[in-house]
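Colleague: Contents of upload20.txt (compact mmCIF, N, CA and C atoms) are below:
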```txt
# COMPACT_ATOMS: atom_id res chain seq x y z
N MET A 156 0.82 -1.18 0.00
CA MET A 156 0.00 0.00 0.00
C MET A 156 0.87 1.26 0.00
N ASP A 157 1.96 1.23 0.76
CA ASP A 157 2.86 2.39 0.80
C ASP A 157 3.49 2.64 -0.56
N ARG A 158 3.85 1.55 -1.24
CA ARG A 158 4.44 1.70 -2.58
C ARG A 158 3.45 2.35 -3.54
N MET A 159 2.24 1.90 -3.47
CA MET A 159 1.20 2.46 -4.33
C MET A 159 1.00 3.94 -4.02
N SER A 160 1.01 4.27 -2.77
CA SER A 160 0.85 5.65 -2.34
C SER A 160 2.04 6.49 -2.83
N GLU A 161 3.26 5.92 -2.72
CA GLU A 161 4.46 6.63 -3.19
C GLU A 161 4.39 6.86 -4.70
N ARG A 162 3.97 5.84 -5.44
CA ARG A 162 3.86 5.97 -6.90
C ARG A 162 2.84 7.04 -7.26
N LEU A 163 1.72 7.02 -6.58
CA LEU A 163 0.69 8.03 -6.86
C LEU A 163 1.20 9.44 -6.52
N ASP A 164 1.93 9.55 -5.43
CA ASP A 164 2.50 10.85 -5.06
C ASP A 164 3.51 11.33 -6.11
N LYS A 165 4.35 10.41 -6.58
CA LYS A 165 5.34 10.76 -7.60
C LYS A 165 4.65 11.16 -8.90
N GLN A 166 3.62 10.40 -9.25
CA GLN A 166 2.87 10.74 -10.46
C GLN A 166 2.20 12.10 -10.33
N ALA A 167 1.64 12.36 -9.19
CA ALA A 167 0.98 13.65 -8.94
C ALA A 167 2.01 14.78 -9.02
N GLU A 168 3.20 14.54 -8.47
CA GLU A 168 4.26 15.54 -8.51
C GLU A 168 4.71 15.80 -9.95
N ARG A 169 4.87 14.73 -10.72
CA ARG A 169 5.24 14.88 -12.14
C ARG A 169 4.18 15.67 -12.91
N LEU A 170 2.92 15.35 -12.63
CA LEU A 170 1.83 16.07 -13.28
C LEU A 170 1.84 17.55 -12.89
N ASP A 171 2.09 17.81 -11.61
CA ASP A 171 2.18 19.20 -11.15
C ASP A 171 3.30 19.93 -11.87
N GLN A 172 4.46 19.28 -11.97
CA GLN A 172 5.59 19.90 -12.66
C GLN A 172 5.28 20.14 -14.14
N ALA A 173 4.64 19.16 -14.75
CA ALA A 173 4.26 19.30 -16.16
C ALA A 173 3.27 20.44 -16.34
N GLU A 174 2.30 20.52 -15.43
CA GLU A 174 1.32 21.61 -15.49
C GLU A 174 1.99 22.96 -15.29
N ARG A 175 2.92 23.03 -14.34
CA ARG A 175 3.65 24.28 -14.11
C ARG A 175 4.46 24.66 -15.33
N GLY A 176 5.08 23.66 -15.96
CA GLY A 176 5.84 23.92 -17.18
C GLY A 176 4.93 24.42 -18.30
N ARG A 177 3.79 23.78 -18.44
CA ARG A 177 2.82 24.20 -19.45
C ARG A 177 2.30 25.60 -19.14
N LEU A 178 2.05 25.85 -17.86
CA LEU A 178 1.55 27.15 -17.45
C LEU A 178 2.60 28.22 -17.72
N SER A 179 3.85 27.96 -17.40
CA SER A 179 4.88 28.97 -17.65
C SER A 179 5.04 29.20 -19.15
N ALA A 180 4.88 28.16 -19.97
CA ALA A 180 4.94 28.34 -21.42
C ALA A 180 3.77 29.22 -21.88
N LEU A 181 2.59 28.99 -21.32
CA LEU A 181 1.44 29.82 -21.65
C LEU A 181 1.63 31.26 -21.18
N GLU A 182 2.21 31.41 -20.01
CA GLU A 182 2.48 32.76 -19.49
C GLU A 182 3.46 33.49 -20.39
N ARG A 183 4.51 32.78 -20.86
CA ARG A 183 5.48 33.38 -21.77
C ARG A 183 4.80 33.78 -23.08
N GLU A 184 3.95 32.90 -23.59
CA GLU A 184 3.24 33.20 -24.83
C GLU A 184 2.32 34.41 -24.66
N LEU A 185 1.63 34.47 -23.53
CA LEU A 185 0.76 35.61 -23.24
C LEU A 185 1.58 36.90 -23.17
N ALA A 186 2.71 36.85 -22.48
CA ALA A 186 3.57 38.03 -22.37
C ALA A 186 4.05 38.46 -23.76
N GLN A 187 4.40 37.49 -24.59
CA GLN A 187 4.85 37.79 -25.95
C GLN A 187 3.73 38.47 -26.75
N LEU A 188 2.52 37.94 -26.63
CA LEU A 188 1.38 38.53 -27.33
C LEU A 188 1.10 39.96 -26.85
N GLU A 189 1.20 40.15 -25.54
CA GLU A 189 0.99 41.49 -24.99
C GLU A 189 2.05 42.46 -25.50
N LEU A 190 3.30 42.02 -25.57
CA LEU A 190 4.37 42.87 -26.11
C LEU A 190 4.13 43.19 -27.58
N GLU A 191 3.67 42.21 -28.34
CA GLU A 191 3.39 42.44 -29.76
C GLU A 191 2.26 43.46 -29.93
N GLN A 192 1.23 43.35 -29.08
CA GLN A 192 0.13 44.31 -29.15
C GLN A 192 0.61 45.72 -28.82
N GLU A 193 1.46 45.82 -27.80
CA GLU A 193 1.99 47.12 -27.41
C GLU A 193 2.87 47.69 -28.52
N LEU A 194 3.68 46.84 -29.13
CA LEU A 194 4.52 47.27 -30.23
C LEU A 194 3.68 47.75 -31.41
N ASN A 195 2.61 47.02 -31.72
CA ASN A 195 1.71 47.43 -32.79
C ASN A 195 1.08 48.79 -32.49
N ALA A 196 0.72 49.01 -31.25
CA ALA A 196 0.14 50.29 -30.87
C ALA A 196 1.16 51.41 -31.05
N TYR A 197 2.41 51.17 -30.64
CA TYR A 197 3.47 52.17 -30.83
C TYR A 197 3.71 52.43 -32.32
N GLU A 198 3.69 51.37 -33.13
CA GLU A 198 3.90 51.53 -34.57
C GLU A 198 2.77 52.34 -35.20
N ARG A 199 1.53 52.11 -34.76
CA ARG A 199 0.41 52.90 -35.27
C ARG A 199 0.58 54.37 -34.89
N THR A 200 0.97 54.60 -33.64
CA THR A 200 1.18 55.97 -33.18
C THR A 200 2.30 56.63 -33.97
N LEU A 201 3.38 55.89 -34.17
CA LEU A 201 4.50 56.42 -34.95
C LEU A 201 4.07 56.73 -36.38
N GLY A 202 3.24 55.88 -36.96
CA GLY A 202 2.72 56.13 -38.30
C GLY A 202 1.90 57.41 -38.37
N ARG A 203 1.06 57.62 -37.34
CA ARG A 203 0.27 58.86 -37.29
C ARG A 203 1.18 60.08 -37.15
N ILE A 204 2.21 59.96 -36.33
CA ILE A 204 3.15 61.08 -36.15
C ILE A 204 3.87 61.37 -37.46
N ARG A 205 4.30 60.33 -38.16
CA ARG A 205 4.97 60.52 -39.45
C ARG A 205 4.04 61.19 -40.45
N ALA A 206 2.78 60.78 -40.47
CA ALA A 206 1.82 61.38 -41.40
C ALA A 206 1.63 62.87 -41.08
N LYS A 207 1.53 63.20 -39.79
CA LYS A 207 1.38 64.60 -39.39
C LYS A 207 2.62 65.40 -39.76
N LEU A 208 3.80 64.81 -39.56
CA LEU A 208 5.05 65.49 -39.89
C LEU A 208 5.14 65.74 -41.39
N THR A 209 4.78 64.75 -42.18
CA THR A 209 4.78 64.91 -43.64
C THR A 209 3.81 66.01 -44.05
N GLU A 210 2.62 66.00 -43.44
CA GLU A 210 1.63 67.03 -43.73
C GLU A 210 2.17 68.41 -43.38
N PHE A 211 2.83 68.51 -42.22
CA PHE A 211 3.41 69.78 -41.79
C PHE A 211 4.49 70.22 -42.75
N GLN A 212 5.36 69.28 -43.15
CA GLN A 212 6.45 69.63 -44.07
C GLN A 212 5.88 70.09 -45.41
N ASP A 213 4.85 69.42 -45.90
CA ASP A 213 4.23 69.83 -47.16
C ASP A 213 3.64 71.22 -47.05
N THR A 214 2.93 71.48 -45.96
CA THR A 214 2.31 72.78 -45.74
C THR A 214 3.38 73.86 -45.60
N ALA A 215 4.42 73.57 -44.83
CA ALA A 215 5.50 74.54 -44.64
C ALA A 215 6.21 74.81 -45.97
N GLY A 216 6.41 73.78 -46.75
CA GLY A 216 7.04 73.95 -48.06
C GLY A 216 6.21 74.82 -48.97
N GLN A 217 4.91 74.60 -48.97
CA GLN A 217 4.02 75.42 -49.79
C GLN A 217 4.05 76.87 -49.34
N ARG A 218 4.04 77.08 -48.02
CA ARG A 218 4.09 78.46 -47.50
C ARG A 218 5.41 79.12 -47.86
N PHE A 219 6.50 78.37 -47.73
CA PHE A 219 7.81 78.94 -48.06
C PHE A 219 7.85 79.31 -49.54
N ASN A 220 7.34 78.43 -50.40
CA ASN A 220 7.31 78.74 -51.83
C ASN A 220 6.47 79.97 -52.11
N THR A 221 5.33 80.09 -51.45
CA THR A 221 4.45 81.25 -51.64
C THR A 221 5.16 82.51 -51.17
N TRP A 222 5.78 82.48 -49.99
CA TRP A 222 6.49 83.65 -49.47
C TRP A 222 7.68 83.99 -50.37
N GLY A 223 8.38 82.95 -50.81
CA GLY A 223 9.52 83.18 -51.70
C GLY A 223 9.09 83.82 -53.01
N ASN A 224 7.99 83.35 -53.57
CA ASN A 224 7.49 83.93 -54.81
C ASN A 224 7.06 85.38 -54.61
N MET A 225 6.38 85.65 -53.49
CA MET A 225 5.95 87.01 -53.20
C MET A 225 7.16 87.91 -53.02
N LEU A 226 8.16 87.44 -52.33
CA LEU A 226 9.37 88.23 -52.12
C LEU A 226 10.08 88.49 -53.43
N TRP A 227 10.20 87.46 -54.24
CA TRP A 227 10.87 87.61 -55.54
C TRP A 227 10.11 88.60 -56.42
N LEU A 228 8.78 88.47 -56.44
CA LEU A 228 7.98 89.41 -57.23
C LEU A 228 8.10 90.82 -56.68
N GLY A 229 8.15 90.96 -55.39
CA GLY A 229 8.30 92.28 -54.77
C GLY A 229 9.64 92.90 -55.09
N CYS A 230 10.69 92.08 -55.09
CA CYS A 230 12.02 92.60 -55.42
C CYS A 230 12.10 93.00 -56.89
N MET A 231 11.37 92.31 -57.72
CA MET A 231 11.39 92.61 -59.14
C MET A 231 10.45 93.76 -59.48
N GLY A 232 9.67 94.18 -58.54
CA GLY A 232 8.75 95.28 -58.76
C GLY A 232 7.47 94.86 -59.46
N LYS A 233 7.33 93.59 -59.75
CA LYS A 233 6.15 93.15 -60.48
C LYS A 233 4.92 93.10 -59.58
N GLY A 234 5.13 93.07 -58.32
CA GLY A 234 4.01 93.03 -57.40
C GLY A 234 3.29 94.35 -57.30
N ARG A 235 3.94 95.44 -57.79
CA ARG A 235 3.33 96.77 -57.70
C ARG A 235 2.92 97.29 -59.08
N GLY A 236 2.81 96.38 -60.03
CA GLY A 236 2.36 96.79 -61.36
C GLY A 236 3.47 97.36 -62.22
N GLN A 237 4.72 97.25 -61.83
CA GLN A 237 5.83 97.78 -62.62
C GLN A 237 6.46 96.64 -63.41
N ASP A 238 6.75 96.87 -64.67
CA ASP A 238 7.36 95.84 -65.51
C ASP A 238 8.87 95.80 -65.33
N GLN A 239 9.50 96.94 -65.16
CA GLN A 239 10.95 97.00 -65.02
C GLN A 239 11.31 97.63 -63.68
N PRO A 240 12.32 97.11 -63.00
CA PRO A 240 12.75 97.79 -61.78
C PRO A 240 13.40 99.13 -62.12
N GLN A 241 13.20 100.11 -61.26
CA GLN A 241 13.76 101.43 -61.55
C GLN A 241 14.86 101.80 -60.61
```
Would you give me this structure, written as structure tokens?
Modeller:
Amino acid sequence: MDRMSERLDKQAERLDQAERGRLSALERELAQLELEQELNAYERTLGRIRAKLTEFQDTAGQRFNTWGNMLWLGCMGKGRGQDQPQ
């Protein structure tokens, strides 16, 4: 009877260890999935920031071109209805 009890205890211990191993594998997988989700969220945020930066650069470039054209026209006197600078 003691041998049977010992065998059952050993089997129960092995099962516990196997379950703990399986659980730790699941915990690692869960942690990995959580990290991937967080990384995806950061990538989406970074994408939005890049889009805003590109939009800002495009707008700033257009404004600079407009100001540059106005300045050039002003220096040439064409902005005041004059054909030739005097």
Colleague: Quick one, how far is atom CA of Arg203 of chain A from atom CA of Leu185 of chain A?
Modeller: 27.2 Å
Colleague: May I ask for the distance between atom C of Arg169 of chain A and atom C of Arg183 of chain A, given in Å to one decimal place?
Modeller: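 Between these atoms lies a distance of 20.8 Å.
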Colleague: In Å, rounded to a single decimal, give me how far atom N of Ser179 of chain A is from atom C of Ala167 of chain A.
Modeller: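 Taking atom C of Ala167 of chain A as the start and atom N of Ser179 of chain A as the end point, the length is 15.7 Å.
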Colleague: Selecting C-alpha atoms, how would segment 158-231 of chain A from this structure be written as a CSV table (one decimal), in the first residue's frame?
Modeller:
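Listed below is the output, part.csv:
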```csv
chain,number,residue,atom,x,y,z
A,158,ARG,CA,4.4,1.7,-2.6
A,159,MET,CA,1.2,2.5,-4.3
A,160,SER,CA,0.9,5.7,-2.3
A,161,GLU,CA,4.5,6.6,-3.2
A,162,ARG,CA,3.9,6.0,-6.9
A,163,LEU,CA,0.7,8.0,-6.9
A,164,ASP,CA,2.5,10.8,-5.1
A,165,LYS,CA,5.3,10.8,-7.6
A,166,GLN,CA,2.9,10.7,-10.5
A,167,ALA,CA,1.0,13.6,-8.9
A,168,GLU,CA,4.3,15.5,-8.5
A,169,ARG,CA,5.2,14.9,-12.1
A,170,LEU,CA,1.8,16.1,-13.3
A,171,ASP,CA,2.2,19.2,-11.1
A,172,GLN,CA,5.6,19.9,-12.7
A,173,ALA,CA,4.3,19.3,-16.2
A,174,GLU,CA,1.3,21.6,-15.5
A,175,ARG,CA,3.6,24.3,-14.1
A,176,GLY,CA,5.8,23.9,-17.2
A,177,ARG,CA,2.8,24.2,-19.4
A,178,LEU,CA,1.6,27.2,-17.4
A,179,SER,CA,4.9,29.0,-17.6
A,180,ALA,CA,4.9,28.3,-21.4
A,181,LEU,CA,1.4,29.8,-21.7
A,182,GLU,CA,2.5,32.8,-19.5
A,183,ARG,CA,5.5,33.4,-21.8
A,184,GLU,CA,3.2,33.2,-24.8
A,185,LEU,CA,0.8,35.6,-23.2
A,186,ALA,CA,3.6,38.0,-22.4
A,187,GLN,CA,4.8,37.8,-26.0
A,188,LEU,CA,1.4,38.5,-27.3
A,189,GLU,CA,1.0,41.5,-25.0
A,190,LEU,CA,4.4,42.9,-26.1
A,191,GLU,CA,3.4,42.4,-29.8
A,192,GLN,CA,0.1,44.3,-29.2
A,193,GLU,CA,2.0,47.1,-27.4
A,194,LEU,CA,4.5,47.3,-30.2
A,195,ASN,CA,1.7,47.4,-32.8
A,196,ALA,CA,0.1,50.3,-30.9
A,197,TYR,CA,3.5,52.2,-30.8
A,198,GLU,CA,3.9,51.5,-34.6
A,199,ARG,CA,0.4,52.9,-35.3
A,200,THR,CA,1.2,56.0,-33.2
A,201,LEU,CA,4.5,56.4,-35.0
A,202,GLY,CA,2.7,56.1,-38.3
A,203,ARG,CA,0.3,58.9,-37.3
A,204,ILE,CA,3.1,61.1,-36.1
A,205,ARG,CA,5.0,60.5,-39.5
A,206,ALA,CA,1.8,61.4,-41.4
A,207,LYS,CA,1.4,64.6,-39.4
A,208,LEU,CA,5.1,65.5,-39.9
A,209,THR,CA,4.8,64.9,-43.6
A,210,GLU,CA,1.6,67.0,-43.7
A,211,PHE,CA,3.4,69.8,-41.8
A,212,GLN,CA,6.4,69.6,-44.1
A,213,ASP,CA,4.2,69.8,-47.2
A,214,THR,CA,2.3,72.8,-45.7
A,215,ALA,CA,5.5,74.5,-44.6
A,216,GLY,CA,7.0,74.0,-48.1
A,217,GLN,CA,4.0,75.4,-49.8
A,218,ARG,CA,4.1,78.5,-47.5
A,219,PHE,CA,7.8,78.9,-48.1
A,220,ASN,CA,7.3,78.7,-51.8
A,221,THR,CA,4.5,81.3,-51.6
A,222,TRP,CA,6.5,83.7,-49.5
A,223,GLY,CA,9.5,83.2,-51.7
A,224,ASN,CA,7.5,83.9,-54.8
A,225,MET,CA,5.9,87.0,-53.2
A,226,LEU,CA,9.4,88.2,-52.1
A,227,TRP,CA,10.9,87.6,-55.5
A,228,LEU,CA,8.0,89.4,-57.2
A,229,GLY,CA,8.3,92.3,-54.8
A,230,CYS,CA,12.0,92.6,-55.4
A,231,MET,CA,11.4,92.6,-59.1
```
